[in-house]
Each structure stands twice: as structure tokens, then as C-alpha cells.
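Everything below concerns the one structure shown next.
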Amino acid sequence: MNDLLRRALADANLTEAGVAARLGVDPKTVHRWIAGRVPYPRHRTRVAALVGRDEVDLWPHVAVTSTPVEAPVIEILTTYPHRWAVPRTVWHQLFQAARDEIGILAYAGLFLAEDTGIMRTLAQRAREGVRVRILLGDPDGTCVAERGSDEGVGESMAAKIRNALVHYRALQDVDNVDVRLHDTVLYNSIYRADGELLINPHAYGIAASHAPVLHLRRAEDGNMASMYLESLERVWSGASPMA
């Protein structure tokens, strides 16, 4: 027995026949509702309106179970314990899938520069109209020196950048490719292809190759990927063109 409904009908001076007439249903149907059967949603709405109550007042258990649960915004596609654990194919597929823009923000990015296949992909995508922006650390900058000291590698950090620049210079003459140098404290290296990103967080005293990587996809209602993209733009705005 749905005592909540029975009392609500009595308080509103409504009979089973009267409710049935207003809703266009059989009086036996209304009787079954009072006996405990749950009406269809459209009928629950109209009955609640008739007695001046909310549905939750008449069918509290149904209101709880029928409350829609919003699906979480999934932005993290996968994680890798170390950058070196990211399969080579993932890097290739990331850049190959770009249709509008590729962005690379790192200190050296030497592991990409030494990959002939990736360098060819970057050049190919640029020739096909994709904007390619590469941001590397200024080897003479203070932030690179500090990073080298933090990792315990000293001048080798700057040397890695100079080595990477030798490779990246091959892209300078390709249309839609822009290489700049930054003197910024990086908390993450960012590798972007349109709305997909590989984020390599930096940890004090740990080489970037040994730090984790997050594979993100920008979601319409999310903000994680957008936050990293905003960070990339800020570094880009303060960087200098490679000589």
C-alpha cells in the first residue's frame, strides 16, 4: 500500500474515480497505484500536480533510483610509469593524427629529435598544413642550468639541448614550422596534437625520461587538458625565435 499517495488523495478530496477521469485511465489503474504499483513517469508527474505535491513526496524510493547520474568527464586516457615506457608507436600516432596543430614543449626533447621517423612525420604534417610549434629550453638560460643542477647532470642538460637543436634545425625551412627557445621553469613537458596531449610531469632530482606520462584528451566539459594548453601558450608568448 502506498500510504503517501492514499493520504495525499484524501487531503486533496480526490477519489480514485476522479483521478482516473482527469488522467484518462481506468479507475482500477488508480486503485493499483494506491495498492503499491508505481505509475509511469508521465502519470506520476500528473498525479503529483493534482495533489500539489512533488513526486519525491509520493514515491521517494523511485525518485532516488531514477535520479540521473552524470557520467564523469574522462580526460585521462591512460598513464605510463615512465616516459621511456611510452611505446614508440604512441608518439608516432599522436603526431600523425594531428590535423590542425602540433606543439612540443620541453627542455631538450632529444629523444624525439633523434627519431628519424618522428622528424619525418613532423615535416610531413607541416607540409600538409598542420602548424608545428617546438619550444625548447635556452641552453644559455638560467632555468636550464638549474634543471641540470637539480638532476645532477650539470652542463650535460645544456649540451642535450644544443644536440637537439642540430636536429630540429632541419625543420626550420619547412613551412608551418616554428622553433623557439624559452627560459622558463617547466613543471611538465607537453606534447600536443590537436586535442590530445602527452604530459610528462617533472619531479625534483629525477630525469624526465624516468617521470610518468599522462595521455589526455580534451573534453568539452573538462578543464585538465585545457589547463596544460594554456600553460603551453604562456611559455610560447615569452619565448624567443631560434637564431
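Ordering of the C-alpha cells sets the chain letters (A, B, ...); residue numbers start at 1 within each chain; ligands are numbered from 1 in the order shown.
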
All strand (DSSP E) positions in chain A, as a ChimeraX atom specification: /A:76-80,101-105,131-137,177-182,188-193,196-201,213-217,240-241

Within 9 Å of stretch 184-198 of chain A using only C-alpha atoms, minus same-chain residues under 4 positions, as a PyMOL selection string: chain A and resi 91+94-107+109+137-138+141-144+146-147+202-203+208+213-219+225-226+228-229+232+235+238-239

For atom CA of A:Arg6 and atom CA of A:Thr45, the interatomic separation in Å (one decimal):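 We find that atom CA of A:Arg6 and atom CA of A:Thr45 lie 15.9 Å from each other.
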
Close residues, A:Pro139 itself excluded, 9 Å, only C-alpha atoms, min 4 positions apart in chain, as a ChimeraX atom specification: /A:107-108,143-145,157-162,181,183

Using only N, CA, C and O atoms, please write the residues we just selected to a file, as a PDB file, in the first residue's frame.
```
ATOM      1  N   TYR A 107      62.500  20.750 -22.380  1.00  0.00           N
ATOM      2  CA  TYR A 107      63.807  21.382 -22.271  1.00  0.00           C
ATOM      3  C   TYR A 107      64.666  20.984 -23.465  1.00  0.00           C
ATOM      4  O   TYR A 107      65.250  21.813 -24.131  1.00  0.00           O
ATOM      5  N   ALA A 108      64.732  19.693 -23.750  1.00  0.00           N
ATOM      6  CA  ALA A 108      65.576  19.224 -24.859  1.00  0.00           C
ATOM      7  C   ALA A 108      64.775  18.481 -25.919  1.00  0.00           C
ATOM      8  O   ALA A 108      64.941  18.709 -27.111  1.00  0.00           O
ATOM      9  N   CYS A 143      67.299  28.807 -16.214  1.00  0.00           N
ATOM     10  CA  CYS A 143      66.423  27.688 -15.840  1.00  0.00           C
ATOM     11  C   CYS A 143      66.999  26.348 -16.280  1.00  0.00           C
ATOM     12  O   CYS A 143      66.861  25.340 -15.574  1.00  0.00           O
ATOM     13  N   VAL A 144      67.633  26.329 -17.433  1.00  0.00           N
ATOM     14  CA  VAL A 144      68.261  25.089 -17.903  1.00  0.00           C
ATOM     15  C   VAL A 144      69.422  24.730 -16.980  1.00  0.00           C
ATOM     16  O   VAL A 144      69.629  23.556 -16.629  1.00  0.00           O
ATOM     17  N   ALA A 145      70.197  25.726 -16.565  1.00  0.00           N
ATOM     18  CA  ALA A 145      71.309  25.475 -15.651  1.00  0.00           C
ATOM     19  C   ALA A 145      70.802  24.901 -14.332  1.00  0.00           C
ATOM     20  O   ALA A 145      71.383  23.958 -13.773  1.00  0.00           O
ATOM     21  N   MET A 157      72.801  18.969 -19.507  1.00  0.00           N
ATOM     22  CA  MET A 157      71.446  19.365 -19.903  1.00  0.00           C
ATOM     23  C   MET A 157      71.500  20.360 -21.054  1.00  0.00           C
ATOM     24  O   MET A 157      70.804  20.219 -22.066  1.00  0.00           O
ATOM     25  N   ALA A 158      72.341  21.385 -20.920  1.00  0.00           N
ATOM     26  CA  ALA A 158      72.505  22.359 -21.997  1.00  0.00           C
ATOM     27  C   ALA A 158      73.063  21.694 -23.241  1.00  0.00           C
ATOM     28  O   ALA A 158      72.683  22.030 -24.373  1.00  0.00           O
ATOM     29  N   ALA A 159      73.981  20.733 -23.051  1.00  0.00           N
ATOM     30  CA  ALA A 159      74.562  20.024 -24.189  1.00  0.00           C
ATOM     31  C   ALA A 159      73.500  19.218 -24.930  1.00  0.00           C
ATOM     32  O   ALA A 159      73.499  19.146 -26.169  1.00  0.00           O
ATOM     33  N   LYS A 160      72.561  18.621 -24.195  1.00  0.00           N
ATOM     34  CA  LYS A 160      71.480  17.861 -24.821  1.00  0.00           C
ATOM     35  C   LYS A 160      70.610  18.775 -25.678  1.00  0.00           C
ATOM     36  O   LYS A 160      70.190  18.401 -26.781  1.00  0.00           O
ATOM     37  N   ILE A 161      70.371  19.975 -25.167  1.00  0.00           N
ATOM     38  CA  ILE A 161      69.544  20.920 -25.932  1.00  0.00           C
ATOM     39  C   ILE A 161      70.255  21.321 -27.217  1.00  0.00           C
ATOM     40  O   ILE A 161      69.643  21.366 -28.299  1.00  0.00           O
ATOM     41  N   ARG A 162      71.545  21.615 -27.117  1.00  0.00           N
ATOM     42  CA  ARG A 162      72.296  22.007 -28.321  1.00  0.00           C
ATOM     43  C   ARG A 162      72.314  20.875 -29.336  1.00  0.00           C
ATOM     44  O   ARG A 162      72.234  21.102 -30.550  1.00  0.00           O
ATOM     45  N   LEU A 181      62.988  29.273 -28.307  1.00  0.00           N
ATOM     46  CA  LEU A 181      63.706  28.907 -27.089  1.00  0.00           C
ATOM     47  C   LEU A 181      63.085  29.647 -25.910  1.00  0.00           C
ATOM     48  O   LEU A 181      62.725  30.815 -26.015  1.00  0.00           O
ATOM     49  N   ASP A 183      63.236  30.370 -21.507  1.00  0.00           N
ATOM     50  CA  ASP A 183      63.984  30.307 -20.253  1.00  0.00           C
ATOM     51  C   ASP A 183      62.959  30.294 -19.125  1.00  0.00           C
ATOM     52  O   ASP A 183      62.780  31.268 -18.400  1.00  0.00           O
TER      53      ASP A 183
END
```

Those of stretch 6-227 of chain A in DSSP alpha helix (DSSP H), formatted as an NGL selection string: :A and (6-11 or 16-23 or 27-35 or 41-51 or 55-58 or 60-66 or 88-96 or 110-113 or 116-127 or 142-151 or 156-168 or 224-227)

Nearby residues (only C-alpha atoms) at most 10 Å from A:Ile34, same-chain spacing under 4 positions excluded, as a PyMOL selection string: chain A and resi 1-7+9+16+28-30+38-39

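Checking A:Asp54, A:Glu114, A:Asp178, A:Glu233 one by one against A:Ala164, counting only C-alpha atoms, you find the shortest gap at A:Glu114.
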
Spatial neighbours of A:Val174, max dist 12 Å, only C-alpha atoms, sep filter under 2 positions, as a list in words: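 What passes the distance filter is Met119, Arg120, Leu122, Ala123, Gln124, Arg125, Ala126, Arg127, Glu128, Gly129, Val130, Arg131, Val132, Arg133, Tyr168, Arg169, Ala170, Leu171, Gln172, Asn176, Val177, Asp178 and Val179 of chain A.
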
Between atom CA of A:Phe111 and atom CA of A:Ser231 - distance in Å to one decimal: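 These atoms are spaced 22.1 Å apart.
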
Top pick for closest residue to A:Val166, considering A:Gly24, A:Ala211, A:Ala113, A:Tyr40 and counting only C-alpha atoms: A:Ala113

Nearby residues (only C-alpha atoms) at most 10 Å from A:Val47, same-chain spacing under 2 positions excluded, as a ChimeraX atom specification: /A:5,8-9,19-20,22-23,30,39,41-45,49-55,58

Atom-to-atom span, atom CA of A:Leu110 and atom CA of A:Met224, Å: 26.3 Å
